[in-house]
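Heads up: the structure comes next, in structure tokens.
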Amino acid sequence: MQINTRANFEAKIIRMSDLSSQIDQVNTQIATGKRIISADDDPIASARVVQLHRAQITDLGLERAVESASSRLSVTDTTLEGVGELLVRAKEIALAGANATLNAADRSTLAADAKNLAEQLLGYANRSDSDGGALFGGARRQGPAYAADPSGNIVWQGAGSAPALALDNTLVATGVEGPAAFAGIAVPGTLPPSTTDAFQLLGNLQIALAEPNGALRNAALSLATDGIDRSIGQIADTRALVGARLNRLENELTRIDAAKLQYSRDLATSEGIDLAGAIARLQRLTTVLSATQQSFVRVTALSLWDDLR
Amino acid sequence: MTDLLSIGASGIRAYQNALNVVGDNVANANTPGYVRRSIILATGPGVGAGEPLARTVSAGSGVITQSIGRAYDGLKATAARNAQGDVARLTTRSEWLTQLQSALGSGEASLTVRIAGFFDAATDLASAPASVTARTLFLDKADQAATQFRTTADALDKLRTNLDSATTAATTEVNQITAGLDAINVQLRRSQSAGSAANGLLDSRDTLLGRLSTLVRVSVTETVGGAVDIRLGDSAAGASLLSIAGATRIGVANSPGGQVVVLDPTHNPVTVRLPASGALSGLLDATRKTIDAHTAIDNLAAQFAQGVNAQHLEGVDAQGLDGTPLFATRTLTIAAGGANGGHAGLDISIADLGVVDPSGYQMTFLGGQWTLSRGDASLATSGPGPLMLDGITVTPSGTAQEGDSYRLAAADGAAGLSLRPISPANIAASARWLTDANPANSGSGVAHARVNLASIALPPLAEYRIDIAVAGSADIYDPASGTLLATVPLGIASAGSGFDFNISGTTNVGDSFRITRALAGGSDNGNLRAVLNLRNAVGATGTLEAGLDATVAGVASSLAETRRLGEAAVAVAADAARTADSVSGVDLDREAAKLVQLQTAYRAASQIIAAARDLFETLLQAAN
């Protein structure tokens, strides 16, 4: 077969530039640490990489949301703990008030204490979260969660439910609505069944302590003690609920941490480069290129024309 | 002796020709399309029959140049041409698909990242609905997503424009080549001899055929004198591009989903199927892919904007107002009339919530003033400008000629997507209707309210109370006045005022629920959670992001496939070219050897002349 000089040169040049571009690609892969430079290098792996990156970033956003929900629920828990302690003190006052040895002056001191506790309770109920919104206002965050109506009753000003965090198709409420913590305390022996709330109970306690008739006073104090007991129980239940939610969030954070690790592993296998392999490949390519160049020079130097005199 | 002299002279002439051919070959060793010449020498024709004053036959009659031929193998040349055409198609396709891939964006400047950014900002805002910072960031991300849709649509439009001009350039080149070949055909038919002039023409013919094959696949039939007939495609039944009747022009025409090639576009357009080889077919492939990608992006933009807008309308913003659309979805593109003589420019601004008519608009300069009319001519306004119609302000500048017109086409989809000028407080994060249950309820029922603007069963109030007075039905009260508004059955959705409501779970007599409208500064995130659910909503092509991934991956995988096929085609083409070149190409070493050989023969022939002269002189001396 006859060798065509022009085609021969061109073929060698194409071969060498092909080697150069391969070297360039391996070089870029090593420099970026990535096997996939553009999507067409490996369409399937690259689609997977896009999904992994997205899941990674979404989880980061979720992590922030979970942390902010956790902080809100923690504040709720601390506040409810304070409310529980306050109600225990109210119960002590009620029990002390039933002591027959106390005189009217002692009871008025206790009533003042109870009034103080009622004010503190309102303070707790109107706590705000770290953003300044009402903690127990449900979906309303502006203004206090509880305020006195014209007749002096403390009434919930909120509406709806606390903002929720969506975790895998389930909703985790990031707060407790005021009535769920403070109201809905059944009054025994009423028909139809009626309920009261912690504010009213502390009000009743003050009224009971002011009652001059011993028998009526003791009956009212016993009723208040009973109500406060139920209220303490409800606060404890609410705290358990908050604790369960905090637990759920904690689990979510653990999952996110595990997922983060998994994502970076998956990303490493999908788009990461085997550095040792890449360097070996680079070495091989440069060797081949340099050999091709030398053989090109040698072979093309052989020309009959040099020997024509 | 005169015989010997003329034999020597014929040798000199013949080897001079042969040396010329070698010189030509060496000189053209690097000329693309040059086919190696080979000289064929033959014994000189016997002359005379031994008559007086004539040469004797027995003495021989020297050598003559029979022909200077081209070392050309038609079959191998055709194979090489066709293989080159396949390479051209795949190379063109992969060049344009690479551009398409980069038009779809990568890294931070890609739709997938921007849309994910929008939803991630929504997650952040949902966890702090009242935060002005989170609201500002959310708006920023919404703007970035809309901008990226526009940028992508823009890049795809530019790509389409470039593809169209490349396609037009390719068809123009095909027409120029067939016209050039037609001229060569005429000369070849005229000369009809295998002289060196004809060889030059044949070289030009083959070069043009090579260029033509890189553009479209053709079948070539050689006729008298080396003139060629050309048909499109491989079969003899393909449309004729060049025959003795002359060249037929080709052009491209738009068709649904892409462009097609038409024969004789100006006089008698006939659509022809283009064989899958050559740069033109690669361009049409890339055009189709670009159009597909554009359609996909437009559909995704519509899915995104319509979904977000519809949901945003159902919420309540930080000021307690109903949500408004987040995105504007339509814009106008300007196309100047083809016959415009003036140099006017138009500036278009669309007012927020301006209702751009889907039929577009026409701006015409007639009777010394501008007229802006709807595309369907249902409404128009005239004046010196600026002109306003449907919330659109068109401000003409520069000078227009009488009769100049501009078409303002309504563009939906990705190109028309933009964030409306709304403030962070206008983000409707909260659900419009909030529900809660009386803490005294003994049942576990939960009230739900869903926005339905068509519901008008109740008078519009800010708050409703629902009491269960009798099992199985609910009484709706106005809590402010205590008026009974309606009694509805439980267990099914009932119409309210701008909402539907129902109570799920078990209820007992005496239970009570509230439905209240969200107020300013609420901390509810119900509507944002609904916006976030759009991320998982399944449209025609799956979820928004899955559809986007599929579009990008589709382009990437067809690019990867084209690259792979391209590599194989390059190898095939290199083989075919080597085979053809081994016949037609110049090997310098071989020419050098030939040169030595011919030089020796030339010297020998000149020695013959010297010998004849010697003999002649010997004879003259003897005669003295």
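The chains in the structure tokens are called A, B, ... from first to last as shown; in each chain the residues are counted from 1, and the ligands are counted from 1 in the order shown.
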
For chain A, list the residues within 8 Å of chain B, counting only C-alpha atoms, and write the list as a PDB file with C-alpha atoms, in the first residue's frame.
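That gives us iface-v7.pdb:
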ATOM      1  CA  MET A   1       0.000   0.000   0.000  1.00  0.00           C
ATOM      2  CA  GLN A   2       1.215   3.408  -0.909  1.00  0.00           C
ATOM      3  CA  ILE A   3       1.629   5.900   1.916  1.00  0.00           C
ATOM      4  CA  ASN A   4       0.211   9.297   1.164  1.00  0.00           C
ATOM      5  CA  THR A   5       2.574  11.848   2.649  1.00  0.00           C
ATOM      6  CA  ARG A   6      -0.034  14.517   3.345  1.00  0.00           C
ATOM      7  CA  ALA A   7      -2.604  12.114   4.868  1.00  0.00           C
ATOM      8  CA  ALA A  11      -3.147  11.425  10.766  1.00  0.00           C
ATOM      9  CA  ALA A  39     -23.164  16.712  32.005  1.00  0.00           C
ATOM     10  CA  ASP A  40     -22.379  14.826  28.806  1.00  0.00           C
ATOM     11  CA  ASP A  41     -19.277  13.232  30.350  1.00  0.00           C
ATOM     12  CA  ASP A  42     -21.635  10.824  32.092  1.00  0.00           C
ATOM     13  CA  PRO A  43     -25.306  11.818  31.740  1.00  0.00           C
ATOM     14  CA  ILE A  44     -26.657   9.271  34.217  1.00  0.00           C
ATOM     15  CA  SER A  46     -24.510  13.689  36.348  1.00  0.00           C
ATOM     16  CA  ALA A  47     -28.304  13.554  36.779  1.00  0.00           C
ATOM     17  CA  VAL A  50     -27.759  17.076  40.517  1.00  0.00           C
ATOM     18  CA  ARG A  54     -30.305  19.268  45.664  1.00  0.00           C
ATOM     19  CA  ILE A  57     -29.024  21.691  50.098  1.00  0.00           C
ATOM     20  CA  THR A  58     -32.661  20.900  50.926  1.00  0.00           C
ATOM     21  CA  GLY A  61     -32.555  24.201  54.827  1.00  0.00           C
ATOM     22  CA  LEU A  62     -34.523  21.611  56.740  1.00  0.00           C
ATOM     23  CA  ARG A  64     -32.140  25.257  59.904  1.00  0.00           C
ATOM     24  CA  ALA A  65     -35.936  24.921  60.114  1.00  0.00           C
ATOM     25  CA  SER A  68     -35.451  27.048  64.808  1.00  0.00           C
ATOM     26  CA  ALA A  69     -38.481  24.879  65.660  1.00  0.00           C
ATOM     27  CA  ASP A 131     -38.454  36.598  67.134  1.00  0.00           C
ATOM     28  CA  GLY A 133     -43.936  36.840  68.549  1.00  0.00           C
ATOM     29  CA  GLY A 138     -51.404  30.191  67.916  1.00  0.00           C
ATOM     30  CA  ALA A 139     -51.215  31.704  64.459  1.00  0.00           C
ATOM     31  CA  ARG A 140     -51.347  35.268  65.829  1.00  0.00           C
ATOM     32  CA  ARG A 141     -48.024  36.607  66.910  1.00  0.00           C
ATOM     33  CA  GLN A 142     -48.709  40.338  67.305  1.00  0.00           C
ATOM     34  CA  ALA A 159     -56.444  32.121  66.746  1.00  0.00           C
ATOM     35  CA  GLY A 160     -55.638  29.063  64.747  1.00  0.00           C
ATOM     36  CA  SER A 161     -52.739  26.839  65.562  1.00  0.00           C
ATOM     37  CA  ALA A 162     -49.023  27.366  66.026  1.00  0.00           C
ATOM     38  CA  PRO A 163     -46.926  27.333  62.812  1.00  0.00           C
ATOM     39  CA  ALA A 164     -46.120  23.818  61.739  1.00  0.00           C
ATOM     40  CA  LEU A 165     -42.994  22.285  60.290  1.00  0.00           C
ATOM     41  CA  ALA A 166     -43.541  19.728  57.540  1.00  0.00           C
ATOM     42  CA  PRO A 179     -55.877  27.122  75.526  1.00  0.00           C
ATOM     43  CA  ALA A 180     -54.202  23.724  75.119  1.00  0.00           C
ATOM     44  CA  ALA A 183     -57.718  26.108  79.490  1.00  0.00           C
ATOM     45  CA  GLY A 184     -60.062  23.170  79.215  1.00  0.00           C
ATOM     46  CA  ILE A 185     -59.795  22.141  82.870  1.00  0.00           C
ATOM     47  CA  ALA A 186     -62.952  20.234  83.705  1.00  0.00           C
ATOM     48  CA  SER A 194     -68.136  22.880  82.046  1.00  0.00           C
ATOM     49  CA  THR A 195     -64.477  23.812  81.951  1.00  0.00           C
ATOM     50  CA  SER A 303      13.153  11.157   3.307  1.00  0.00           C
ATOM     51  CA  LEU A 304      14.664  10.045   0.067  1.00  0.00           C
ATOM     52  CA  TRP A 305      14.908  13.665  -0.999  1.00  0.00           C
TER      53      TRP A 305
END

Just list as a count of residues only whatever in region 250-327 of chain B DSSP marks as alpha helix (DSSP H). 35

Identify, on the basis of only C-alpha atoms, every residue whose closest approach to region 224-238 of chain B does not exceed 7 Å; exclude the query and any residue fewer than 6 positions from it along the same chain; express the result as a PyMOL selection string. chain B and resi 185+188-189+192+217-218+275

Those residues you just picked out, can you put them in a file as a CSV table (one decimal), in the first residue's frame with all heavy atoms?
chain,number,residue,atom,x,y,z
B,185,ASN,N,-19.4,21.0,-15.1
B,185,ASN,CA,-20.0,20.0,-16.0
B,185,ASN,C,-20.0,20.5,-17.5
B,185,ASN,O,-19.7,19.8,-18.4
B,185,ASN,CB,-21.5,19.8,-15.6
B,185,ASN,CG,-21.6,18.6,-14.6
B,185,ASN,OD1,-20.6,18.0,-14.3
B,185,ASN,ND2,-22.8,18.4,-14.1
B,188,LEU,N,-16.6,20.3,-18.9
B,188,LEU,CA,-16.1,19.0,-19.1
B,188,LEU,C,-16.8,18.4,-20.3
B,188,LEU,O,-16.2,17.7,-21.1
B,188,LEU,CB,-16.5,18.1,-17.9
B,188,LEU,CG,-15.6,18.3,-16.7
B,188,LEU,CD1,-16.1,17.5,-15.5
B,188,LEU,CD2,-14.2,17.7,-17.0
B,189,ARG,N,-18.1,18.7,-20.5
B,189,ARG,CA,-18.8,18.1,-21.7
B,189,ARG,C,-18.2,18.7,-23.0
B,189,ARG,O,-18.0,18.0,-24.0
B,189,ARG,CB,-20.2,18.5,-21.6
B,189,ARG,CG,-21.0,17.6,-20.7
B,189,ARG,CD,-22.5,17.7,-20.9
B,189,ARG,NE,-23.2,17.2,-19.7
B,189,ARG,CZ,-23.6,17.9,-18.7
B,189,ARG,NH1,-23.5,19.3,-18.8
B,189,ARG,NH2,-24.2,17.4,-17.7
B,192,GLN,N,-14.1,17.2,-23.3
B,192,GLN,CA,-14.2,15.7,-23.6
B,192,GLN,C,-12.9,15.0,-23.8
B,192,GLN,O,-12.9,13.9,-24.3
B,192,GLN,CB,-15.1,15.5,-24.8
B,192,GLN,CG,-16.6,15.6,-24.4
B,192,GLN,CD,-17.5,14.9,-25.4
B,192,GLN,OE1,-17.0,14.2,-26.2
B,192,GLN,NE2,-18.7,15.1,-25.2
B,217,ARG,N,-25.8,14.3,2.1
B,217,ARG,CA,-25.4,13.1,1.5
B,217,ARG,C,-26.0,13.1,0.1
B,217,ARG,O,-27.1,13.4,-0.2
B,217,ARG,CB,-26.0,11.9,2.3
B,217,ARG,CG,-26.0,10.6,1.6
B,217,ARG,CD,-24.6,10.0,1.4
B,217,ARG,NE,-24.0,9.7,2.6
B,217,ARG,CZ,-24.1,8.6,3.3
B,217,ARG,NH1,-24.8,7.7,2.9
B,217,ARG,NH2,-23.4,8.4,4.4
B,218,VAL,N,-25.1,12.9,-0.9
B,218,VAL,CA,-25.5,12.9,-2.3
B,218,VAL,C,-25.0,11.6,-3.0
B,218,VAL,O,-24.1,11.0,-2.6
B,218,VAL,CB,-25.0,14.1,-3.1
B,218,VAL,CG1,-25.6,15.4,-2.7
B,218,VAL,CG2,-23.4,14.2,-3.0
B,275,PRO,N,-31.3,12.9,4.1
B,275,PRO,CA,-30.7,11.7,4.6
B,275,PRO,C,-29.8,12.1,5.8
B,275,PRO,O,-29.3,13.3,5.9
B,275,PRO,CB,-29.8,11.2,3.5
B,275,PRO,CG,-29.9,12.2,2.4
B,275,PRO,CD,-30.9,13.2,2.7

Considering only C-alpha atoms, return as a PDB file with N, CA, C and O atoms, in the first residue's frame whatever protein or nucleic-acid residues lie within 10 Å of Glu81 (chain A), sequence-local ones (same chain, fewer than 5 positions apart) excluded.
ATOM      1  N   VAL A  75     -38.099  26.981  74.293  1.00  0.00           N
ATOM      2  CA  VAL A  75     -38.586  28.140  75.051  1.00  0.00           C
ATOM      3  C   VAL A  75     -39.960  27.817  75.638  1.00  0.00           C
ATOM      4  O   VAL A  75     -40.250  28.113  76.808  1.00  0.00           O
ATOM      5  N   THR A  76     -40.813  27.174  74.847  1.00  0.00           N
ATOM      6  CA  THR A  76     -42.146  26.780  75.320  1.00  0.00           C
ATOM      7  C   THR A  76     -42.019  25.870  76.540  1.00  0.00           C
ATOM      8  O   THR A  76     -42.706  26.054  77.555  1.00  0.00           O
ATOM      9  N   LEU A  86     -45.148  27.474  89.309  1.00  0.00           N
ATOM     10  CA  LEU A  86     -46.041  28.524  89.811  1.00  0.00           C
ATOM     11  C   LEU A  86     -47.339  27.918  90.339  1.00  0.00           C
ATOM     12  O   LEU A  86     -47.828  28.277  91.411  1.00  0.00           O
ATOM     13  N   LEU A  87     -47.868  26.953  89.599  1.00  0.00           N
ATOM     14  CA  LEU A  87     -49.132  26.341  90.008  1.00  0.00           C
ATOM     15  C   LEU A  87     -48.940  25.511  91.281  1.00  0.00           C
ATOM     16  O   LEU A  87     -49.840  25.435  92.128  1.00  0.00           O
ATOM     17  N   ILE A 235     -50.527  20.862  82.501  1.00  0.00           N
ATOM     18  CA  ILE A 235     -49.226  21.447  82.119  1.00  0.00           C
ATOM     19  C   ILE A 235     -48.201  20.341  81.915  1.00  0.00           C
ATOM     20  O   ILE A 235     -47.443  20.343  80.928  1.00  0.00           O
ATOM     21  N   ALA A 236     -48.237  19.333  82.823  1.00  0.00           N
ATOM     22  CA  ALA A 236     -47.288  18.226  82.699  1.00  0.00           C
ATOM     23  C   ALA A 236     -47.525  17.470  81.398  1.00  0.00           C
ATOM     24  O   ALA A 236     -46.576  17.126  80.679  1.00  0.00           O
ATOM     25  N   ARG A 239     -46.243  19.478  78.571  1.00  0.00           N
ATOM     26  CA  ARG A 239     -44.777  19.404  78.496  1.00  0.00           C
ATOM     27  C   ARG A 239     -44.326  18.080  77.894  1.00  0.00           C
ATOM     28  O   ARG A 239     -43.355  18.029  77.139  1.00  0.00           O
TER      29      ARG A 239
END

Distance in Å - CA of Phe616 (chain B) versus CA of Ser6 (chain B):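 Going from CA of Phe616 (chain B) over to CA of Ser6 (chain B), I get 13.2 Å.
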
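What separates CA of Leu313 (chain B) from CA of Ala328 (chain B) is a distance of 13.1 Å.
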
Fewer than 6 positions away in the same chain doesn't count, so skip those; otherwise give me all residues within 12 Å of region 452-456 of chain B, counting only C-alpha atoms, as a list in words.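 My list of contacting residues is Ala310, Gln311, Leu313, Glu314, Gly315, Asp322, Arg432, Trp433, Ala493, Ser494, Ala495, Gly496, Ser497, Gly498, Phe499, Asp500 and Phe501 of chain B.
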
Pick out each residue of region 127-356 of chain B that DSSP on the backbone tags as strand (DSSP E); I need them as a tab-separated table (two decimals) with N, CA, C and O atoms, in the first residue's frame.
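And here's result01.tsv as it stands now:
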chain	number	residue	atom	x	y	z
B	218	VAL	N	-25.08	12.87	-0.94
B	218	VAL	CA	-25.51	12.86	-2.33
B	218	VAL	C	-25.03	11.58	-3.00
B	218	VAL	O	-24.06	10.97	-2.56
B	219	SER	N	-25.73	11.19	-4.03
B	219	SER	CA	-25.21	10.11	-4.87
B	219	SER	C	-24.80	10.74	-6.19
B	219	SER	O	-25.49	11.61	-6.73
B	220	VAL	N	-23.64	10.32	-6.69
B	220	VAL	CA	-23.03	10.95	-7.84
B	220	VAL	C	-22.96	9.94	-8.98
B	220	VAL	O	-22.52	8.81	-8.79
B	221	THR	N	-23.43	10.34	-10.14
B	221	THR	CA	-23.31	9.48	-11.33
B	221	THR	C	-22.46	10.21	-12.35
B	221	THR	O	-22.75	11.36	-12.70
B	222	GLU	N	-21.40	9.53	-12.79
B	222	GLU	CA	-20.52	10.18	-13.76
B	222	GLU	C	-21.07	9.95	-15.15
B	222	GLU	O	-21.49	8.84	-15.49
B	228	VAL	N	-21.01	15.26	-13.91
B	228	VAL	CA	-21.71	14.45	-12.92
B	228	VAL	C	-23.17	14.86	-12.79
B	228	VAL	O	-23.51	16.03	-12.94
B	229	ASP	N	-24.01	13.85	-12.51
B	229	ASP	CA	-25.39	14.08	-12.09
B	229	ASP	C	-25.43	13.85	-10.59
B	229	ASP	O	-24.80	12.91	-10.10
B	230	ILE	N	-26.16	14.68	-9.87
B	230	ILE	CA	-26.17	14.55	-8.42
B	230	ILE	C	-27.61	14.41	-7.93
B	230	ILE	O	-28.50	15.17	-8.34
B	231	ARG	N	-27.81	13.42	-7.07
B	231	ARG	CA	-29.12	13.25	-6.44
B	231	ARG	C	-28.94	13.26	-4.93
B	231	ARG	O	-27.89	12.89	-4.41
B	232	LEU	N	-29.98	13.69	-4.25
B	232	LEU	CA	-29.96	13.74	-2.79
B	232	LEU	C	-30.12	12.32	-2.26
B	232	LEU	O	-30.96	11.57	-2.74
B	240	SER	N	-33.28	15.20	-7.58
B	240	SER	CA	-32.13	15.61	-8.38
B	240	SER	C	-31.66	17.01	-8.00
B	240	SER	O	-32.47	17.94	-7.92
B	241	LEU	N	-30.37	17.13	-7.69
B	241	LEU	CA	-29.81	18.44	-7.38
B	241	LEU	C	-29.11	19.03	-8.60
B	241	LEU	O	-29.00	20.24	-8.76
B	242	LEU	N	-28.56	18.13	-9.45
B	242	LEU	CA	-27.81	18.60	-10.61
B	242	LEU	C	-27.95	17.57	-11.71
B	242	LEU	O	-27.73	16.37	-11.49
B	243	SER	N	-28.35	18.04	-12.87
B	243	SER	CA	-28.43	17.15	-14.03
B	243	SER	C	-28.06	17.99	-15.24
B	243	SER	O	-27.68	19.15	-15.09
B	246	GLY	N	-29.40	21.35	-15.41
B	246	GLY	CA	-28.93	22.42	-14.53
B	246	GLY	C	-29.13	22.06	-13.06
B	246	GLY	O	-29.58	20.97	-12.73
B	247	ALA	N	-28.75	23.02	-12.19
B	247	ALA	CA	-28.80	22.77	-10.76
B	247	ALA	C	-30.16	23.17	-10.19
B	247	ALA	O	-30.77	24.13	-10.66
B	250	ILE	N	-31.82	24.42	-3.13
B	250	ILE	CA	-32.57	23.94	-1.98
B	250	ILE	C	-32.68	25.07	-0.96
B	250	ILE	O	-31.95	26.06	-1.02
B	251	GLY	N	-33.60	24.91	-0.05
B	251	GLY	CA	-33.78	25.90	1.02
B	251	GLY	C	-34.35	25.20	2.23
B	251	GLY	O	-34.59	23.98	2.21
B	252	VAL	N	-34.56	25.95	3.34
B	252	VAL	CA	-35.19	25.34	4.51
B	252	VAL	C	-36.50	26.08	4.79
B	252	VAL	O	-36.63	27.26	4.50
B	253	ALA	N	-37.44	25.35	5.36
B	253	ALA	CA	-38.72	25.95	5.74
B	253	ALA	C	-39.06	25.47	7.13
B	253	ALA	O	-38.67	24.37	7.53
B	254	ASN	N	-39.76	26.31	7.89
B	254	ASN	CA	-40.19	25.91	9.22
B	254	ASN	C	-41.31	24.89	9.11
B	254	ASN	O	-42.16	24.98	8.24
B	255	SER	N	-41.29	23.93	10.00
B	255	SER	CA	-42.38	22.99	10.08
B	255	SER	C	-42.60	22.71	11.56
B	255	SER	O	-41.76	23.07	12.37
B	258	GLY	N	-39.63	21.73	14.07
B	258	GLY	CA	-38.28	21.87	13.53
B	258	GLY	C	-38.30	22.49	12.15
B	258	GLY	O	-39.21	23.23	11.80
B	259	GLN	N	-37.27	22.18	11.38
B	259	GLN	CA	-37.18	22.72	10.04
B	259	GLN	C	-37.03	21.58	9.05
B	259	GLN	O	-36.52	20.52	9.39
B	260	VAL	N	-37.51	21.80	7.83
B	260	VAL	CA	-37.35	20.78	6.79
B	260	VAL	C	-36.67	21.40	5.59
B	260	VAL	O	-36.66	22.62	5.42
B	261	VAL	N	-36.09	20.53	4.76
B	261	VAL	CA	-35.43	21.00	3.54
B	261	VAL	C	-36.44	20.96	2.41
B	261	VAL	O	-37.20	20.00	2.28
B	262	VAL	N	-36.48	22.04	1.64
B	262	VAL	CA	-37.37	22.07	0.48
B	262	VAL	C	-36.54	22.28	-0.78
B	262	VAL	O	-35.53	22.97	-0.77
B	263	LEU	N	-36.99	21.64	-1.86
B	263	LEU	CA	-36.35	21.80	-3.16
B	263	LEU	C	-36.96	23.02	-3.83
B	263	LEU	O	-38.15	23.27	-3.68
B	270	VAL	N	-40.90	21.88	-2.77
B	270	VAL	CA	-41.28	20.49	-2.47
B	270	VAL	C	-40.46	20.04	-1.27
B	270	VAL	O	-39.24	20.15	-1.29
B	271	THR	N	-41.14	19.58	-0.22
B	271	THR	CA	-40.41	19.13	0.96
B	271	THR	C	-39.75	17.79	0.67
B	271	THR	O	-40.38	16.89	0.12
B	272	VAL	N	-38.46	17.68	1.01
B	272	VAL	CA	-37.79	16.39	0.80
B	272	VAL	C	-37.23	15.90	2.12
B	272	VAL	O	-36.93	16.69	3.02
B	315	GLY	N	-53.35	32.97	49.96
B	315	GLY	CA	-52.82	33.28	51.28
B	315	GLY	C	-53.16	34.69	51.74
B	315	GLY	O	-53.93	35.42	51.11
B	316	VAL	N	-52.59	35.02	52.88
B	316	VAL	CA	-52.75	36.37	53.44
B	316	VAL	C	-51.35	36.88	53.75
B	316	VAL	O	-50.53	36.14	54.30
B	327	PHE	N	-45.67	36.17	40.30
B	327	PHE	CA	-44.94	36.33	39.03
B	327	PHE	C	-45.85	36.91	37.95
B	327	PHE	O	-47.04	36.60	37.89
B	328	ALA	N	-45.27	37.78	37.10
B	328	ALA	CA	-45.93	38.15	35.85
B	328	ALA	C	-45.50	37.11	34.83
B	328	ALA	O	-44.36	36.65	34.83
B	331	THR	N	-44.89	38.74	28.49
B	331	THR	CA	-44.18	39.94	28.06
B	331	THR	C	-44.39	40.11	26.56
B	331	THR	O	-45.07	39.31	25.93
B	332	LEU	N	-43.82	41.16	26.01
B	332	LEU	CA	-43.97	41.40	24.57
B	332	LEU	C	-42.61	41.39	23.90
B	332	LEU	O	-41.63	41.90	24.44
B	333	THR	N	-42.54	40.81	22.72
B	333	THR	CA	-41.31	40.86	21.94
B	333	THR	C	-41.59	41.70	20.69
B	333	THR	O	-42.68	41.64	20.13
B	334	ILE	N	-40.59	42.49	20.29
B	334	ILE	CA	-40.77	43.40	19.15
B	334	ILE	C	-40.18	42.78	17.89
B	334	ILE	O	-39.05	42.29	17.92
B	335	ALA	N	-40.94	42.77	16.81
B	335	ALA	CA	-40.39	42.37	15.51
B	335	ALA	C	-40.74	43.48	14.53
B	335	ALA	O	-41.91	43.80	14.34
B	336	ALA	N	-39.71	44.07	13.91
B	336	ALA	CA	-39.96	45.15	12.94
B	336	ALA	C	-40.47	44.54	11.65
B	336	ALA	O	-40.07	43.44	11.26
B	345	GLY	N	-37.40	53.45	16.89
B	345	GLY	CA	-37.20	52.43	17.92
B	345	GLY	C	-38.39	52.48	18.86
B	345	GLY	O	-39.04	53.51	19.00
B	346	LEU	N	-38.71	51.34	19.45
B	346	LEU	CA	-39.85	51.30	20.37
B	346	LEU	C	-39.37	50.90	21.76
B	346	LEU	O	-38.56	50.00	21.89
B	347	ASP	N	-39.89	51.61	22.75
B	347	ASP	CA	-39.61	51.22	24.13
B	347	ASP	C	-40.94	50.77	24.73
B	347	ASP	O	-41.92	51.52	24.69
B	348	ILE	N	-40.95	49.55	25.27
B	348	ILE	CA	-42.21	49.03	25.79
B	348	ILE	C	-42.10	48.88	27.30
B	348	ILE	O	-41.10	48.37	27.81
B	349	SER	N	-43.11	49.36	28.02
B	349	SER	CA	-43.15	49.02	29.44
B	349	SER	C	-44.55	48.50	29.75
B	349	SER	O	-45.55	49.02	29.25
B	350	ILE	N	-44.57	47.44	30.54
B	350	ILE	CA	-45.85	46.84	30.90
B	350	ILE	C	-46.09	47.14	32.37
B	350	ILE	O	-45.24	46.83	33.22

Quick check, in Å to one decimal: how far apart do CA of Leu19 (chain B) and CA of Arg190 (chain B) lie? 28.6 Å

Leaving out Gln148 (chain B) and any residue of its chain fewer than 6 positions from it, which residues lie within 9 Å of it when counting only C-alpha atoms, given as number ranges by chain? B: 105, 109-111, 114-115, 414

Since we have the selection now, will you write its residues out, keeping N, CA, C and O atoms, as a compact mmCIF listing (two decimals), in the first residue's frame?
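Output contents, as saved in out04.txt:
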# COMPACT_ATOMS: atom_id res chain seq x y z
N GLY B 105 -27.50 25.95 31.11
CA GLY B 105 -26.86 26.41 32.35
C GLY B 105 -26.21 25.29 33.11
O GLY B 105 -26.51 24.11 32.95
N ALA B 109 -25.44 29.01 37.96
CA ALA B 109 -26.30 29.69 36.98
C ALA B 109 -27.14 28.67 36.22
O ALA B 109 -27.18 28.68 35.00
N SER B 110 -27.79 27.75 36.93
CA SER B 110 -28.66 26.82 36.25
C SER B 110 -30.03 26.86 36.89
O SER B 110 -30.18 27.21 38.05
N LEU B 111 -31.02 26.50 36.08
CA LEU B 111 -32.40 26.53 36.57
C LEU B 111 -32.58 25.62 37.76
O LEU B 111 -33.29 25.95 38.70
N ARG B 114 -31.46 27.35 40.80
CA ARG B 114 -32.31 28.51 41.13
C ARG B 114 -33.66 28.07 41.68
O ARG B 114 -34.19 28.69 42.60
N ILE B 115 -34.25 27.04 41.09
CA ILE B 115 -35.56 26.59 41.56
C ILE B 115 -35.42 25.96 42.95
O ILE B 115 -36.23 26.21 43.85
N ALA B 414 -41.18 30.71 29.52
CA ALA B 414 -40.01 31.12 30.28
C ALA B 414 -39.62 32.57 29.99
O ALA B 414 -39.21 33.31 30.89

When you look at Ala411 (chain B) with a cut-off of 10 Å (counting only C-alpha atoms), what residues show up, excluding the ones that are within fewer than 2 positions of it in the same chain? I need them as a VMD selection string. chain B and resid 329 to 333 356 358 to 360 408 to 409 413 to 417
